[in-house]
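**Student:** Below is the structure I would like to discuss, written out as structure tokens.
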Amino acid sequence: MSETAGTAETTADEAATEESPATLRYKRRQAVHRAAGRVLARTSALATLRERLALLDAAGDVYDLDETADIYGNGVVEALETRTAALLGTEAAAFFPTGTMAQQVALRCWAARTGNPTVALHALAHPEMYERHAFSQVSGLRPVRLTSEPRLPTADEVRGLDEPFGALMLELPLREAGFVLPSWEELTELTEAARERDAVVHFDGARLWESATHFGRPVDEIAALADSVYVSYYKSLGAYGGAAIAGPRTLVDETKAWRHRYGGQLFQQFPTALSALVGLERELPRLPEYVRHARVVATALREGFAAAGVPWARVHPEEPHTNEFQVWLPYEVDVVAEAAVRQGEQTGALLFARPWDPGGPGLAVTEIEVRAAALEWTAADVRRAVADFVALVGKVAGE
């Protein structure tokens, strides 16, 4: 999901003197995110450099800072890889600068082993939505869509796909559908169905860390269902960036060779690696608490919109599967985006910090992420903030 931060198409002279309403609102949203006394979902995307650098204040607690800095993937990067593999219960893990690179590399390695470059995935999966067809344009892979329904694929859809495929890729949770997850039984059957088709299973686990609460199982037991797993260090853990591929050692060693070929073997990556280790130490243990409180926040939002008389509103899923979920409202994007910023400016409390996107004619959708800042909000706080927000929506819509 994104909100335009750039200007409309203009000449260079015009661009120097004019800014679009969307650009101006984005800057206001940045300012209010910094100044507001309370923000339900603080996001690192709007944090200052000083705030982000402060993350490394705790680096000495997770790694010996008197050690030599990493060079081309050794040192602290290897320590992060070892820690990640232990958490996921795999033989090894390889650090990558981006998830886009990581998953292409892992799946092309599997394609060479299976002899089939076809990857079965959901139409809303990240590679289909946000990676400019990188599978086919860069890595020689051929994605085929199992379904476009706003849910995970079913085992019957995997069994019934009318062509062979070498790998099944499952995004856990499926972000674009509302951060949704299957049940444990459904996930187990999905992996079994893939193997009935002689395919390997790869988990796009960008947000796998916080999925353990929904499944009621530790993350290593979830990862054990797959042949390989990708995890992100910044989406849930607040690191500067970075990702990992975890799985059998022979596969991981091969991914490291391809990491070099793809340009992912950077000279030094210690700031990112250290921030990831801090995230694993500090944020990972708190994710179950965030998931539980997300359910409190979701209920309070739903109650607040009903009490405010909004004709139609949806919190999806009604009980969030992770610490993130969607909010849908029956208004134009410009109306709710403006009301959200004004609420922060006028009340000092920012209920909706993330951008709004169109969900259809007259519909707007945003995402809520519940982390440490949200724990300070009670259900009553959320309901009061909803009432203030809806009042501002009415004023903006009437202008």
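In the structure tokens, each chain is lettered A, B, ... as it comes, each chain's residues begin at 1, and ligands are numbered from 1 in order of appearance.
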Using only C-alpha atoms, what does the table of segment 82-119 of chain A residues within 10 Å of segment 193-214 of chain A look like, with each row giving the shortest atom pair and its distance in Å to one decimal, sorted by chain and ascending number, as JSON lines?

**Tutor:**
{"residue": "A:Leu87", "atom": "CA", "partner": "A:Trp209", "partner_atom": "CA", "distance": 9.9}
{"residue": "A:Leu88", "atom": "CA", "partner": "A:Trp209", "partner_atom": "CA", "distance": 9.5}
{"residue": "A:Gly99", "atom": "CA", "partner": "A:Ala206", "partner_atom": "CA", "distance": 7.8}
{"residue": "A:Gln103", "atom": "CA", "partner": "A:Asp204", "partner_atom": "CA", "distance": 7.7}
{"residue": "A:Ala106", "atom": "CA", "partner": "A:His202", "partner_atom": "CA", "distance": 8.5}
{"residue": "A:Leu107", "atom": "CA", "partner": "A:His202", "partner_atom": "CA", "distance": 7.9}
{"residue": "A:Trp110", "atom": "CA", "partner": "A:Val200", "partner_atom": "CA", "distance": 7.6}
{"residue": "A:Ala111", "atom": "CA", "partner": "A:Val200", "partner_atom": "CA", "distance": 9.5}
{"residue": "A:Arg113", "atom": "CA", "partner": "A:Val200", "partner_atom": "CA", "distance": 9.9}
{"residue": "A:Thr114", "atom": "CA", "partner": "A:Ala199", "partner_atom": "CA", "distance": 7.7}
{"residue": "A:Asn116", "atom": "CA", "partner": "A:Ala199", "partner_atom": "CA", "distance": 9.0}
{"residue": "A:Thr118", "atom": "CA", "partner": "A:Ala199", "partner_atom": "CA", "distance": 9.8}
{"residue": "A:Val119", "atom": "CA", "partner": "A:Ala199", "partner_atom": "CA", "distance": 9.2}

**Student:** For segment 341-349 of chain A, please output as a PyMOL selection string all residues within 9 Å (counting only C-alpha atoms; exclusion window: fewer than 2 positions along the same chain).

**Tutor:** chain A and resi 25-26+28-29+31-33+35-40+336-339+351-353+385+388-389+392

**Student:** For the strand (DSSP E) assignment from backbone DSSP, which residues of segment 134-186 of chain A qualify? Please present them as a list in words.

**Tutor:** Arg142, Pro143, Val144, Arg145, Ala167, Leu168, Met169, Leu170 and Glu171 of chain A

**Student:** Those residues you just picked out, can you put them in a file as a PDB file, in the first residue's frame with all heavy atoms?

**Tutor:**
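Generated output (part.pdb):
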ATOM      1  N   ARG A 142       8.883 -18.951 -13.718  1.00  0.00           N
ATOM      2  CA  ARG A 142       7.579 -18.783 -14.370  1.00  0.00           C
ATOM      3  C   ARG A 142       6.485 -18.887 -13.320  1.00  0.00           C
ATOM      4  O   ARG A 142       6.107 -19.983 -12.912  1.00  0.00           O
ATOM      5  CB  ARG A 142       7.396 -19.847 -15.449  1.00  0.00           C
ATOM      6  CG  ARG A 142       6.050 -19.783 -16.155  1.00  0.00           C
ATOM      7  CD  ARG A 142       5.999 -20.761 -17.330  1.00  0.00           C
ATOM      8  NE  ARG A 142       4.646 -20.853 -17.844  1.00  0.00           N
ATOM      9  CZ  ARG A 142       3.769 -21.792 -17.496  1.00  0.00           C
ATOM     10  NH1 ARG A 142       4.126 -22.734 -16.631  1.00  0.00           N
ATOM     11  NH2 ARG A 142       2.551 -21.806 -17.990  1.00  0.00           N
ATOM     12  N   PRO A 143       5.956 -17.755 -12.862  1.00  0.00           N
ATOM     13  CA  PRO A 143       4.895 -17.811 -11.853  1.00  0.00           C
ATOM     14  C   PRO A 143       3.556 -18.203 -12.465  1.00  0.00           C
ATOM     15  O   PRO A 143       3.202 -17.736 -13.553  1.00  0.00           O
ATOM     16  CB  PRO A 143       4.851 -16.382 -11.312  1.00  0.00           C
ATOM     17  CG  PRO A 143       5.389 -15.533 -12.420  1.00  0.00           C
ATOM     18  CD  PRO A 143       6.374 -16.372 -13.167  1.00  0.00           C
ATOM     19  N   VAL A 144       2.830 -19.066 -11.774  1.00  0.00           N
ATOM     20  CA  VAL A 144       1.454 -19.400 -12.149  1.00  0.00           C
ATOM     21  C   VAL A 144       0.580 -19.176 -10.923  1.00  0.00           C
ATOM     22  O   VAL A 144       0.976 -19.494  -9.793  1.00  0.00           O
ATOM     23  CB  VAL A 144       1.293 -20.845 -12.669  1.00  0.00           C
ATOM     24  CG1 VAL A 144       2.018 -21.013 -13.987  1.00  0.00           C
ATOM     25  CG2 VAL A 144       1.779 -21.862 -11.651  1.00  0.00           C
ATOM     26  N   ARG A 145      -0.601 -18.630 -11.141  1.00  0.00           N
ATOM     27  CA  ARG A 145      -1.458 -18.229 -10.032  1.00  0.00           C
ATOM     28  C   ARG A 145      -2.440 -19.333  -9.653  1.00  0.00           C
ATOM     29  O   ARG A 145      -3.170 -19.837 -10.505  1.00  0.00           O
ATOM     30  CB  ARG A 145      -2.204 -16.957 -10.411  1.00  0.00           C
ATOM     31  CG  ARG A 145      -1.271 -15.777 -10.679  1.00  0.00           C
ATOM     32  CD  ARG A 145      -2.027 -14.546 -11.114  1.00  0.00           C
ATOM     33  NE  ARG A 145      -1.142 -13.373 -11.202  1.00  0.00           N
ATOM     34  CZ  ARG A 145      -1.553 -12.152 -11.432  1.00  0.00           C
ATOM     35  NH1 ARG A 145      -2.860 -11.906 -11.627  1.00  0.00           N
ATOM     36  NH2 ARG A 145      -0.700 -11.150 -11.489  1.00  0.00           N
ATOM     37  N   ALA A 167       7.800 -25.561  -7.486  1.00  0.00           N
ATOM     38  CA  ALA A 167       7.757 -25.048  -6.122  1.00  0.00           C
ATOM     39  C   ALA A 167       6.407 -24.409  -5.837  1.00  0.00           C
ATOM     40  O   ALA A 167       5.809 -23.766  -6.705  1.00  0.00           O
ATOM     41  CB  ALA A 167       8.866 -24.019  -5.903  1.00  0.00           C
ATOM     42  N   LEU A 168       5.930 -24.610  -4.630  1.00  0.00           N
ATOM     43  CA  LEU A 168       4.760 -23.905  -4.109  1.00  0.00           C
ATOM     44  C   LEU A 168       5.272 -22.825  -3.171  1.00  0.00           C
ATOM     45  O   LEU A 168       5.994 -23.107  -2.212  1.00  0.00           O
ATOM     46  CB  LEU A 168       3.838 -24.860  -3.351  1.00  0.00           C
ATOM     47  CG  LEU A 168       2.706 -24.199  -2.551  1.00  0.00           C
ATOM     48  CD1 LEU A 168       1.707 -23.505  -3.478  1.00  0.00           C
ATOM     49  CD2 LEU A 168       1.996 -25.225  -1.663  1.00  0.00           C
ATOM     50  N   MET A 169       4.890 -21.578  -3.437  1.00  0.00           N
ATOM     51  CA  MET A 169       5.292 -20.459  -2.595  1.00  0.00           C
ATOM     52  C   MET A 169       4.075 -19.944  -1.837  1.00  0.00           C
ATOM     53  O   MET A 169       3.068 -19.581  -2.442  1.00  0.00           O
ATOM     54  CB  MET A 169       5.879 -19.341  -3.465  1.00  0.00           C
ATOM     55  CG  MET A 169       6.281 -18.105  -2.699  1.00  0.00           C
ATOM     56  SD  MET A 169       7.005 -16.878  -3.824  1.00  0.00           S
ATOM     57  CE  MET A 169       7.270 -15.532  -2.695  1.00  0.00           C
ATOM     58  N   LEU A 170       4.152 -19.916  -0.527  1.00  0.00           N
ATOM     59  CA  LEU A 170       3.048 -19.472   0.313  1.00  0.00           C
ATOM     60  C   LEU A 170       3.484 -18.255   1.126  1.00  0.00           C
ATOM     61  O   LEU A 170       4.481 -18.320   1.860  1.00  0.00           O
ATOM     62  CB  LEU A 170       2.601 -20.586   1.270  1.00  0.00           C
ATOM     63  CG  LEU A 170       2.023 -21.846   0.622  1.00  0.00           C
ATOM     64  CD1 LEU A 170       1.778 -22.911   1.692  1.00  0.00           C
ATOM     65  CD2 LEU A 170       0.739 -21.536  -0.120  1.00  0.00           C
ATOM     66  N   GLU A 171       2.760 -17.157   1.000  1.00  0.00           N
ATOM     67  CA  GLU A 171       3.042 -15.964   1.778  1.00  0.00           C
ATOM     68  C   GLU A 171       2.281 -16.040   3.094  1.00  0.00           C
ATOM     69  O   GLU A 171       1.053 -16.086   3.116  1.00  0.00           O
ATOM     70  CB  GLU A 171       2.632 -14.702   1.007  1.00  0.00           C
ATOM     71  CG  GLU A 171       2.992 -13.418   1.734  1.00  0.00           C
ATOM     72  CD  GLU A 171       2.641 -12.170   0.939  1.00  0.00           C
ATOM     73  OE1 GLU A 171       2.619 -12.237  -0.307  1.00  0.00           O
ATOM     74  OE2 GLU A 171       2.376 -11.125   1.570  1.00  0.00           O
TER      75      GLU A 171
END

**Student:** If we count only C-alpha atoms, what is near Arg151 of chain A at a cut-off of 8 Å, once residues fewer than 2 positions away on the same chain are taken out, given as a list in words?

**Tutor:**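 Here the answer would be Glu149, Pro153, Leu174, Ala177, Val180, Leu181 and Pro182 of chain A.
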
**Student:** Next, the residues of the selection above should be written as a compact mmCIF listing (two decimals), in the first residue's frame with N, CA, C and O atoms.

**Tutor:**
# COMPACT_ATOMS: atom_id res chain seq x y z
N GLU A 149 -8.51 -15.17 -4.94
CA GLU A 149 -9.41 -14.94 -3.81
C GLU A 149 -8.63 -14.38 -2.62
O GLU A 149 -7.46 -14.72 -2.42
N PRO A 153 -4.34 -20.04 -0.71
CA PRO A 153 -4.83 -21.12 -1.57
C PRO A 153 -5.25 -22.32 -0.73
O PRO A 153 -4.83 -22.49 0.42
N LEU A 174 -0.74 -13.53 4.28
CA LEU A 174 -0.96 -12.91 2.99
C LEU A 174 -1.38 -11.46 3.22
O LEU A 174 -2.52 -11.16 3.55
N ALA A 177 -4.40 -9.48 1.36
CA ALA A 177 -5.75 -9.95 1.71
C ALA A 177 -6.14 -9.58 3.13
O ALA A 177 -7.23 -9.93 3.59
N VAL A 180 -3.82 -12.31 6.38
CA VAL A 180 -4.57 -13.49 6.78
C VAL A 180 -3.70 -14.74 6.71
O VAL A 180 -2.77 -14.84 5.91
N LEU A 181 -4.06 -15.70 7.56
CA LEU A 181 -3.36 -16.98 7.66
C LEU A 181 -4.36 -18.12 7.55
O LEU A 181 -5.53 -17.96 7.93
N PRO A 182 -3.92 -19.27 7.09
CA PRO A 182 -4.79 -20.45 7.16
C PRO A 182 -4.75 -21.04 8.57
O PRO A 182 -3.98 -20.57 9.42

**Student:** Pick out the closest residue to Gln326 of chain A from this set: A:Ala397, A:Ala45, A:Ala294, A:Leu266. Count only C-alpha atoms.

**Tutor:**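 That would be A:Ala294, the residue with the smallest distance to Gln326 of chain A.
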
**Student:** DSSP says helix (DSSP H, G or I) for which residues of segment 120-219 of chain A? Put them as a ChimeraX atom specification?

**Tutor:** /A:126-130,134-138,155-160,175-177,184-196,209-215,219

**Student:** For N, CA, C and O atoms, I'd like the residues from the last selection saved as a compact mmCIF listing (two decimals), in the first residue's frame.

**Tutor:**
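Output (selection.txt):
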# COMPACT_ATOMS: atom_id res chain seq x y z
N HIS A 126 3.51 -11.11 -2.92
CA HIS A 126 4.40 -9.96 -3.09
C HIS A 126 5.11 -9.93 -4.44
O HIS A 126 5.14 -8.87 -5.10
N PRO A 127 5.68 -11.04 -4.93
CA PRO A 127 6.35 -10.99 -6.23
C PRO A 127 5.42 -10.61 -7.38
O PRO A 127 5.86 -10.00 -8.35
N GLU A 128 4.15 -10.95 -7.27
CA GLU A 128 3.20 -10.62 -8.31
C GLU A 128 2.74 -9.17 -8.23
O GLU A 128 2.37 -8.56 -9.23
N MET A 129 2.79 -8.59 -7.02
CA MET A 129 2.24 -7.25 -6.80
C MET A 129 3.30 -6.14 -6.87
O MET A 129 3.01 -5.04 -7.34
N TYR A 130 4.51 -6.42 -6.39
CA TYR A 130 5.43 -5.33 -6.11
C TYR A 130 6.85 -5.48 -6.67
O TYR A 130 7.70 -4.66 -6.36
N ALA A 134 9.94 -9.59 -11.51
CA ALA A 134 11.34 -9.97 -11.39
C ALA A 134 11.56 -11.47 -11.57
O ALA A 134 12.61 -11.89 -12.08
N PHE A 135 10.60 -12.29 -11.14
CA PHE A 135 10.77 -13.74 -11.31
C PHE A 135 11.08 -14.08 -12.76
O PHE A 135 12.04 -14.80 -13.06
N SER A 136 10.26 -13.58 -13.67
CA SER A 136 10.43 -13.92 -15.07
C SER A 136 11.47 -13.05 -15.76
O SER A 136 12.22 -13.53 -16.61
N GLN A 137 11.56 -11.78 -15.40
CA GLN A 137 12.46 -10.86 -16.10
C GLN A 137 13.91 -11.04 -15.69
O GLN A 137 14.82 -10.76 -16.47
N VAL A 138 14.15 -11.49 -14.47
CA VAL A 138 15.52 -11.57 -13.96
C VAL A 138 15.97 -13.01 -13.73
O VAL A 138 17.11 -13.37 -14.06
N ALA A 155 -5.69 -26.66 -0.43
CA ALA A 155 -5.00 -27.87 -0.88
C ALA A 155 -5.62 -28.39 -2.17
O ALA A 155 -4.90 -28.89 -3.05
N ASP A 156 -6.92 -28.27 -2.31
CA ASP A 156 -7.57 -28.73 -3.53
C ASP A 156 -7.12 -27.91 -4.74
O ASP A 156 -6.97 -28.46 -5.84
N GLU A 157 -6.89 -26.62 -4.54
CA GLU A 157 -6.39 -25.80 -5.64
C GLU A 157 -4.97 -26.19 -6.03
O GLU A 157 -4.61 -26.13 -7.22
N VAL A 158 -4.18 -26.58 -5.05
CA VAL A 158 -2.83 -27.05 -5.34
C VAL A 158 -2.90 -28.38 -6.09
O VAL A 158 -2.21 -28.57 -7.11
N ARG A 159 -3.73 -29.28 -5.62
CA ARG A 159 -3.85 -30.58 -6.29
C ARG A 159 -4.45 -30.44 -7.68
O ARG A 159 -4.13 -31.21 -8.59
N GLY A 160 -5.32 -29.45 -7.86
CA GLY A 160 -6.04 -29.33 -9.12
C GLY A 160 -5.39 -28.45 -10.16
O GLY A 160 -5.94 -28.29 -11.26
N ARG A 175 -0.43 -10.55 3.03
CA ARG A 175 -0.64 -9.15 3.41
C ARG A 175 -1.80 -8.51 2.66
O ARG A 175 -2.66 -7.85 3.27
N GLU A 176 -1.81 -8.60 1.35
CA GLU A 176 -2.78 -7.86 0.55
C GLU A 176 -4.22 -8.30 0.85
O GLU A 176 -5.15 -7.54 0.60
N ALA A 177 -4.40 -9.48 1.36
CA ALA A 177 -5.75 -9.95 1.71
C ALA A 177 -6.14 -9.58 3.13
O ALA A 177 -7.23 -9.93 3.59
N TRP A 184 -3.78 -24.19 11.11
CA TRP A 184 -2.64 -25.10 11.10
C TRP A 184 -2.95 -26.34 10.26
O TRP A 184 -2.09 -26.80 9.49
N GLU A 185 -4.15 -26.84 10.38
CA GLU A 185 -4.53 -28.03 9.61
C GLU A 185 -4.53 -27.73 8.12
O GLU A 185 -4.07 -28.55 7.30
N GLU A 186 -5.01 -26.54 7.74
CA GLU A 186 -5.02 -26.15 6.32
C GLU A 186 -3.59 -25.99 5.80
O GLU A 186 -3.29 -26.39 4.67
N LEU A 187 -2.73 -25.40 6.61
CA LEU A 187 -1.35 -25.21 6.17
C LEU A 187 -0.64 -26.55 6.00
O LEU A 187 0.09 -26.76 5.01
N THR A 188 -0.88 -27.46 6.93
CA THR A 188 -0.27 -28.78 6.82
C THR A 188 -0.74 -29.50 5.57
O THR A 188 0.06 -30.10 4.83
N GLU A 189 -2.04 -29.41 5.28
CA GLU A 189 -2.57 -30.07 4.09
C GLU A 189 -2.04 -29.43 2.82
O GLU A 189 -1.79 -30.12 1.82
N LEU A 190 -1.84 -28.12 2.83
CA LEU A 190 -1.27 -27.43 1.68
C LEU A 190 0.12 -27.96 1.35
O LEU A 190 0.44 -28.23 0.18
N THR A 191 0.95 -28.10 2.36
CA THR A 191 2.31 -28.58 2.11
C THR A 191 2.30 -30.03 1.65
O THR A 191 3.09 -30.42 0.79
N GLU A 192 1.39 -30.82 2.20
CA GLU A 192 1.28 -32.21 1.76
C GLU A 192 0.82 -32.29 0.31
O GLU A 192 1.31 -33.12 -0.47
N ALA A 193 -0.11 -31.42 -0.07
CA ALA A 193 -0.61 -31.41 -1.45
C ALA A 193 0.50 -31.06 -2.43
O ALA A 193 0.57 -31.63 -3.53
N ALA A 194 1.37 -30.14 -2.05
CA ALA A 194 2.48 -29.78 -2.94
C ALA A 194 3.41 -30.96 -3.14
O ALA A 194 3.87 -31.22 -4.27
N ARG A 195 3.68 -31.68 -2.09
CA ARG A 195 4.60 -32.81 -2.21
C ARG A 195 3.97 -33.96 -2.97
O ARG A 195 4.68 -34.75 -3.60
N GLU A 196 2.65 -34.05 -2.92
CA GLU A 196 1.98 -35.03 -3.79
C GLU A 196 2.22 -34.72 -5.26
O GLU A 196 2.18 -35.61 -6.10
N TRP A 209 7.40 -14.33 11.84
CA TRP A 209 7.68 -14.26 13.27
C TRP A 209 6.40 -14.08 14.09
O TRP A 209 6.23 -14.71 15.14
N GLU A 210 5.50 -13.20 13.63
CA GLU A 210 4.30 -12.91 14.42
C GLU A 210 3.14 -13.86 14.12
O GLU A 210 2.04 -13.69 14.65
N SER A 211 3.37 -14.86 13.25
CA SER A 211 2.31 -15.80 12.91
C SER A 211 2.19 -16.94 13.92
O SER A 211 1.21 -17.69 13.90
N ALA A 212 3.17 -17.06 14.79
CA ALA A 212 3.18 -18.19 15.73
C ALA A 212 1.98 -18.17 16.66
O ALA A 212 1.45 -19.22 17.03
N THR A 213 1.51 -16.99 17.06
CA THR A 213 0.38 -16.89 17.98
C THR A 213 -0.87 -17.49 17.35
O THR A 213 -1.61 -18.25 17.99
N HIS A 214 -1.13 -17.17 16.09
CA HIS A 214 -2.30 -17.69 15.38
C HIS A 214 -2.25 -19.21 15.29
O HIS A 214 -3.26 -19.89 15.53
N PHE A 215 -1.09 -19.73 14.95
CA PHE A 215 -0.96 -21.18 14.77
C PHE A 215 -0.87 -21.92 16.10
O PHE A 215 -1.11 -23.13 16.17
N VAL A 219 7.85 -20.92 16.13
CA VAL A 219 8.17 -20.60 14.75
C VAL A 219 8.98 -21.71 14.08
O VAL A 219 8.86 -21.93 12.87
